[in-house]
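Colleague: Got a structure for you, questions after.
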Protein chains: 2
Amino acid sequence: MRTSDLPQMRSLPLFESMGESNFETLMQAAYLQTFPAQLDLITEGDPADFLYVVTDGCVELYARSNGRETTMALVRPVGTFILAAVLKDAVYLMSARTVQKSRILLIPSQNVRAAFERDEAFARAIVQDLAGCYRGVVKEHKDLKLRTAVERLANRLLRYHSEQGATGSLELPYDKRTIASLLGMTPENLSRAFNTLKPYGVDVDGAAVRLNDLDGLVTLAKPNPLIDDRGT
Amino acid sequence: MRTSDLPQMRSLPLFESMGESNFETLMQAAYLQTFPAQLDLITEGDPADFLYVVTDGCVELYARSNGRETTMALVRPVGTFILAAVLKDAVYLMSARTVQKSRILLIPSQNVRAAFERDEAFARAIVQDLAGCYRGVVKEHKDLKLRTAVERLANRLLRYHSEQGATGSLELPYDKRTIASLLGMTPENLSRAFNTLKPYGVDVDGAAVRLNDLDGLVTLAKPNPLIDDRGT
DNA sequence: TTCAATCCTTGATAATTGTCAAGCCGCCGA
DNA sequence: TCGGCGGCTTGACAATTATCAAGGATTGAA
């Protein structure tokens, strides 16, 4: 890892409050690499050798069983993944691949665990991150168990809309098939769900979506902060 | 909390390696209470005032949205719940009620956070617990997204079977409606799923289940350690 | 430009799951 | 003993979702 990259890493929430010498030790063991799009980074079932931090680009977490595959989450800067497996020294539960060209920091698991032992501020940051991840999955799980496909889509659109400044329109951040998989439905079903939302003012043109009847859409979606709000 | 209860609390994995004085401080702030069955302990959306540790009995975690309700998890001794909300000083994402008469340790959130700061061993134990919870939800989520209702039931039966000693028969640990909700289906659908499994040697009589064709059931269920194994 | 590939959409159809209503059965209290 | 209640099951039906097949649109490479 080049010394010119160090200040940028230092400013990440995970590292900003840890002791200088601990930070340096951790970074000496770490690799900062750029990967092309659609590259497989890890496979579920493998032992957790590294903690991953996405500093640029986007990574998809997915899982397989039987012949089926589903998208579990998408990680954007600055997000970590596979933290729990690293802390438990266990195997990965999810696979990961880059969506786009991405720059990723890899920190060997044992160094993460050592730094966790040694540096209290780092331990706090790790725990906050992990607790946030936990609450994220719980929300995803509630979303899937308590809502129909159309409701999940409606709420997801409202979320992207507010994340992008609530201007009345939004850009879908991923391929439609990825969004379908993330929402737990087939691409065909996503198309039909968009059609179902047309009477509620949802106009789709490629990745561009206009929301012409926010009140109507909200009435249908019944957004719930305990499912839809991130970061709480 | 009575001093006669202290040694038992001390032996819980969460507390056994923490410093003596930190443990005493924590316990002085805590309450050990017995609650009757079907009592609501917490409601989603409320601020996380306490960390809960189930020492006897059983607690159901559930969530509501719109008019719907679903069981998220069941916590048996010795399990904690609502740890992430406590660490983040956030609101609960799930409600909780006792299933049976239960003895529960309540520790005020701020004391948990203080002990986390002060006691490194406690911090480690907390993180292991939290990481375990995280991996548990990820597995539940994979279960729901990658399997049909019948497959989920088949795998759950295999899990209970092996947890109970793999004797060829098992006892359902909860009401069928609770199991249905946990598995993400209606009680009616659970009944039908049991019927679908009859040709695979699954005989049900109340809460008693016999598995007369383990190989056949396994072939249907295709159990996956990355979904079904607890504790890894 | 043209071809092939990919992504998305649509239609027809099937499978899965949920809803509603009714009935059975065991359990508990009067 | 007798109701009555709750939990579970079943049947009929409806809604939701998936599957399969085909076709349109876009993109990128030859």
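Here's how to read the names in the structure tokens: chain A, B, ... by the order shown, residue numbers from 1 in each chain, ligand numbers from 1 in the order shown.
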Could you produce a table of the residues of chain B lying within 6 Å of chain A, with the nearest pair of atoms per residue and their separation in Å rounded to one decimal, using only C-alpha atoms, ordered by chain and increasing residue number, as CSV?

Modeller:
residue,atom,partner,partner_atom,distance
B:Ala84,CA,A:Ala131,CA,4.9
B:Leu93,CA,A:Leu226,CA,5.9
B:Ala131,CA,A:Ala84,CA,4.9
B:Tyr134,CA,A:Tyr134,CA,5.0
B:His141,CA,A:His141,CA,5.9
B:Leu226,CA,A:Leu93,CA,5.9

Colleague: Write out as a count of residues only each polymer residue whose atoms come within 12 Å of B:Gly79, counting only C-alpha atoms (C1' of nucleotides); drop sequence neighbours fewer than 4 positions from it.

Modeller: 25

Colleague: In Å, rounded to a single decimal, give me how far atom CA of B:Gln100 is from atom C1' of C:DG18.

Modeller: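 Atom-to-atom, atom C1' of C:DG18 and atom CA of B:Gln100 are spaced 29.3 Å apart.
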
Colleague: How close does chain C get to chain B? List, as a Markdown table, each residue of chain C within 12 Å, its nearest atom pair and the distance in Å to one decimal, counting only C-alpha atoms (C1' of nucleotides).

Modeller:
| residue | atom | partner | partner_atom | distance |
| --- | --- | --- | --- | --- |
| C:DA15 | C1' | B:Thr148 | CA | 11.1 |
| C:DT16 | C1' | B:Thr148 | CA | 8.5 |
| C:DT17 | C1' | B:Asn189 | CA | 7.4 |
| C:DG18 | C1' | B:Thr186 | CA | 7.4 |
| C:DT19 | C1' | B:Glu188 | CA | 9.9 |
| C:DC20 | C1' | B:Glu188 | CA | 11.4 |
| C:DC25 | C1' | B:Gly206 | CA | 11.2 |
| C:DG26 | C1' | B:Gly206 | CA | 10.6 |

Colleague: Write out as a PyMOL selection string each polymer residue whose atoms come within 12 Å of D:DA29, counting only C-alpha atoms (C1' of nucleotides); drop sequence neighbours fewer than 4 positions from it.

Modeller: chain C and resi 1-5

Colleague: Within 10 Å of chain A, which residues belong to chain D? Use only C-alpha atoms (C1' of nucleotides) and report them as a list in words.

Modeller: DT16, DT17, DA18 and DT19 of chain D

Colleague: Write a file of the selected residues as a tab-separated table (two decimals), in the first residue's frame, keeping C-alpha atoms (C1' of nucleotides).

Modeller:
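Just written: out_23.tsv:
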chain	number	residue	atom	x	y	z
D	16	DT	C1'	-49.40	-13.77	-5.77
D	17	DT	C1'	-45.36	-15.20	-7.79
D	18	DA	C1'	-42.58	-18.13	-10.85
D	19	DT	C1'	-41.59	-20.31	-15.25

Colleague: Identify, with DSSP run on backbone atoms, the residues in stretch 91-187 of chain A assigned to strand (DSSP E), and express the list as a list of chain:residue names.

Modeller: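 For stretch 91-187 of chain A, the strand (DSSP E) set is A:Ser95, A:Ala96, A:Arg97, A:Thr98, A:Ser102, A:Arg103, A:Ile104, A:Leu105, A:Leu106, A:Ile107, A:Pro108, A:Ser169, A:Leu170, A:Glu171.
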
Colleague: Please produce a file of those selected residues containing N, CA, C and O atoms, as a PDB file, in the first residue's frame.

Modeller:
ATOM      1  N   SER A  95     -20.974 -14.786  -0.756  1.00  0.00           N
ATOM      2  CA  SER A  95     -19.956 -14.531  -1.758  1.00  0.00           C
ATOM      3  C   SER A  95     -19.988 -13.059  -2.121  1.00  0.00           C
ATOM      4  O   SER A  95     -20.951 -12.358  -1.822  1.00  0.00           O
ATOM      5  N   ALA A  96     -18.910 -12.591  -2.757  1.00  0.00           N
ATOM      6  CA  ALA A  96     -18.858 -11.178  -3.138  1.00  0.00           C
ATOM      7  C   ALA A  96     -18.208 -11.038  -4.496  1.00  0.00           C
ATOM      8  O   ALA A  96     -17.261 -11.760  -4.819  1.00  0.00           O
ATOM      9  N   ARG A  97     -18.750 -10.116  -5.299  1.00  0.00           N
ATOM     10  CA  ARG A  97     -18.116  -9.784  -6.579  1.00  0.00           C
ATOM     11  C   ARG A  97     -18.269  -8.295  -6.826  1.00  0.00           C
ATOM     12  O   ARG A  97     -19.219  -7.664  -6.337  1.00  0.00           O
ATOM     13  N   THR A  98     -17.341  -7.760  -7.568  1.00  0.00           N
ATOM     14  CA  THR A  98     -17.436  -6.345  -7.900  1.00  0.00           C
ATOM     15  C   THR A  98     -18.562  -6.121  -8.908  1.00  0.00           C
ATOM     16  O   THR A  98     -18.789  -6.952  -9.786  1.00  0.00           O
ATOM     17  N   SER A 102     -13.569  -1.368  -8.862  1.00  0.00           N
ATOM     18  CA  SER A 102     -13.663  -0.955  -7.465  1.00  0.00           C
ATOM     19  C   SER A 102     -12.300  -0.977  -6.787  1.00  0.00           C
ATOM     20  O   SER A 102     -11.454  -1.836  -7.062  1.00  0.00           O
ATOM     21  N   ARG A 103     -12.116  -0.045  -5.897  1.00  0.00           N
ATOM     22  CA  ARG A 103     -10.897  -0.024  -5.099  1.00  0.00           C
ATOM     23  C   ARG A 103     -11.221  -0.525  -3.703  1.00  0.00           C
ATOM     24  O   ARG A 103     -12.144  -0.010  -3.054  1.00  0.00           O
ATOM     25  N   ILE A 104     -10.478  -1.513  -3.277  1.00  0.00           N
ATOM     26  CA  ILE A 104     -10.837  -2.206  -2.045  1.00  0.00           C
ATOM     27  C   ILE A 104      -9.621  -2.405  -1.159  1.00  0.00           C
ATOM     28  O   ILE A 104      -8.545  -2.783  -1.627  1.00  0.00           O
ATOM     29  N   LEU A 105      -9.837  -2.147   0.124  1.00  0.00           N
ATOM     30  CA  LEU A 105      -8.786  -2.361   1.120  1.00  0.00           C
ATOM     31  C   LEU A 105      -8.980  -3.733   1.738  1.00  0.00           C
ATOM     32  O   LEU A 105     -10.066  -4.053   2.220  1.00  0.00           O
ATOM     33  N   LEU A 106      -7.911  -4.542   1.694  1.00  0.00           N
ATOM     34  CA  LEU A 106      -7.972  -5.876   2.299  1.00  0.00           C
ATOM     35  C   LEU A 106      -7.079  -5.905   3.524  1.00  0.00           C
ATOM     36  O   LEU A 106      -5.873  -5.639   3.424  1.00  0.00           O
ATOM     37  N   ILE A 107      -7.664  -6.245   4.659  1.00  0.00           N
ATOM     38  CA  ILE A 107      -6.879  -6.329   5.886  1.00  0.00           C
ATOM     39  C   ILE A 107      -6.924  -7.758   6.401  1.00  0.00           C
ATOM     40  O   ILE A 107      -8.008  -8.292   6.614  1.00  0.00           O
ATOM     41  N   PRO A 108      -5.771  -8.384   6.599  1.00  0.00           N
ATOM     42  CA  PRO A 108      -5.761  -9.769   7.075  1.00  0.00           C
ATOM     43  C   PRO A 108      -6.543  -9.907   8.386  1.00  0.00           C
ATOM     44  O   PRO A 108      -6.402  -9.075   9.294  1.00  0.00           O
ATOM     45  N   SER A 169     -37.797  12.803  -8.940  1.00  0.00           N
ATOM     46  CA  SER A 169     -37.334  11.724  -9.802  1.00  0.00           C
ATOM     47  C   SER A 169     -36.095  11.085  -9.216  1.00  0.00           C
ATOM     48  O   SER A 169     -35.460  11.631  -8.311  1.00  0.00           O
ATOM     49  N   LEU A 170     -35.776   9.904  -9.725  1.00  0.00           N
ATOM     50  CA  LEU A 170     -34.624   9.187  -9.197  1.00  0.00           C
ATOM     51  C   LEU A 170     -34.019   8.308 -10.277  1.00  0.00           C
ATOM     52  O   LEU A 170     -34.649   8.004 -11.282  1.00  0.00           O
ATOM     53  N   GLU A 171     -32.784   7.922 -10.019  1.00  0.00           N
ATOM     54  CA  GLU A 171     -32.083   6.978 -10.889  1.00  0.00           C
ATOM     55  C   GLU A 171     -31.971   5.645 -10.154  1.00  0.00           C
ATOM     56  O   GLU A 171     -31.527   5.612  -9.011  1.00  0.00           O
TER      57      GLU A 171
END

Colleague: Identify, with DSSP run on backbone atoms, the residues in stretch 107-222 of chain B assigned to helix (DSSP H, G or I), and express the list as a PyMOL selection string.

Modeller: chain B and resi 109-118+120-146+149-163+176-182+187-200+214-221

Colleague: So how far away is atom CA of A:Gly216 from atom CA of A:Asp175, in Å?

Modeller: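 So the two atoms, atom CA of A:Asp175 and atom CA of A:Gly216, lie 25.7 Å apart.
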